[in-house]
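Below is one structure; the comments refer to it alone.
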Amino acid sequence: MVAGIIFAGIQPIHPPDVVSSVGTGLWNVITYLKTLMCLLMLLGLVGIYARQANRTGWLGLVGFLVFGLAWAITYADVFAETFILPPLITAAPTYVDSFLGVAAGRTSPVDLGFFPTMFALAGGLYMLGGLLFGIATFRAGILPRWAGGLLAAAAILTPAAALLPHQFQRLAAVPVGVALAGLGYALWSERRGHVPEVSSDTSQLLPAAE
């Protein structure tokens, strides 16, 4: 829930992807929040999947793994933004600008190695995983269907954001954040309202046969 709120909330106020933004007060606040967001997202997705694993089948498992991998790769990018780029703004400003330019679609004058490929891979996994996990959640009907449907719809429409100016592209992430916050809230409120008996049966964590 918290990860989804952060994901949706930081998009309208995220500083521009330029060297002059790195190391500013807003940059530091946002990147530390993003670091927390990625960690909470990985933990939260485990809980959301475990709650409905016996109803989502293999579609839910694949969606969970793909979507989770996207966030794991994203965490590596966010870690660099938070802890690696700020010390480099004086020593290697061109490298920092090129690193940030990958997200903004700018041509890089320096060799960034595997990073552009990793960034593109994370984007593809994010869209595919969000679509599959959203559909599986909607079909399962255990957690709110509106959240599952919104996650799937927002994920599949993400490429359309490329048609917008870069400063508005981030807003495409807001519906995904809202959907994930909704799923997290439903799970949290459910746990608060009912504490189930502890069972030794672990079969509910495995996907049911389609």
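Going through the structure tokens in order, the chains are called A, B, and so on, while each chain numbers its residues from 1 and the ligands are numbered from 1 in the order shown.
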
Counting only C-alpha atoms, give me one row per residue of stretch 25-86 of chain A with an atom at most 9 Å from an atom of stretch 170-189 of chain A, showing the shortest contact pair and its distance in Å to one decimal, sorted by chain then residue number, as a Markdown table.
| residue | atom | partner | partner_atom | distance |
| --- | --- | --- | --- | --- |
| A:Met41 | CA | A:Leu180 | CA | 8.8 |
| A:Gly44 | CA | A:Gly184 | CA | 7.0 |
| A:Leu45 | CA | A:Gly184 | CA | 8.6 |
| A:Gly47 | CA | A:Leu187 | CA | 8.1 |
| A:Ile48 | CA | A:Leu187 | CA | 7.0 |
| A:Arg51 | CA | A:Leu187 | CA | 7.9 |

Within 10 Å of stretch 90-102 of chain A, counting only C-alpha atoms, which residues show up once you throw out same-chain ones fewer than 4 positions away? Write them as a list in words, please. Pro16, Asp17, Val18, Val19, Ser20, Val22, Asp77, Ala80, Glu81, Ile84, Leu85, Pro86, Arg106, Thr107, Ser108, Pro109, Val110, Asp111, Leu112, Phe115, Pro116, Thr117, Phe119 and Ala120 of chain A

Given only C-alpha atoms as the counted atoms, nearest of A:Ala155, A:Leu69, A:Val46, A:Ala122 to A:Ile135: A:Ala155

Measuring between only C-alpha atoms, which one of A:Trp71, A:Arg192, A:His14, A:Ser21 shows the shortest distance to A:Ile89?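 Of A:Trp71, A:Arg192, A:His14, A:Ser21, the one nearest A:Ile89, counting only C-alpha atoms, is A:Ser21.
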
Determine the nearest neighbour of A:Ala50 from the options A:Ala103, A:Leu143, A:Leu164, A:Ala70, counting only C-alpha atoms.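 Smallest separation from A:Ala50 among the options: A:Leu143.
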
Selected residue of minimal separation from A:Ile6 among A:Ala53, A:Asn28, A:Gly123, A:Met37, counting only C-alpha atoms: A:Met37

Of the candidates A:Trp58, A:Tyr32, A:Phe64, A:Tyr49, which shows the shortest atom-to-atom distance to A:Thr82, using only C-alpha atoms? A:Tyr32

Within 10 Å of A:Leu132, counting only C-alpha atoms, which residues qualify if same-chain residues fewer than 3 places away don't, as a list in words? Leu59, Gly60, Leu61, Val62, Gly63, Phe64, Val66, Phe67, Met127, Leu128, Gly129, Ile135, Ala136, Thr137, Phe138, Gly148, Leu151, Ala152, Ala155 and Ile156 of chain A

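Between A:Trp27 and the candidates A:Leu157, A:Ala72, A:Val78, A:Leu131, the tightest atom-to-atom separation, counting only C-alpha atoms, involves A:Val78.
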
As a PyMOL selection string, list the residues of stretch 71-163 of chain A assigned to alpha helix (DSSP H) by DSSP on the backbone atoms of this structure. chain A and resi 71-79+85-91+93-104+115-140+145-157

Atom CA of A:Met118 to atom CA of A:Leu150, straight-line distance in Å: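 Straight-line distance from atom CA of A:Leu150 to atom CA of A:Met118 works out to 26.1 Å.
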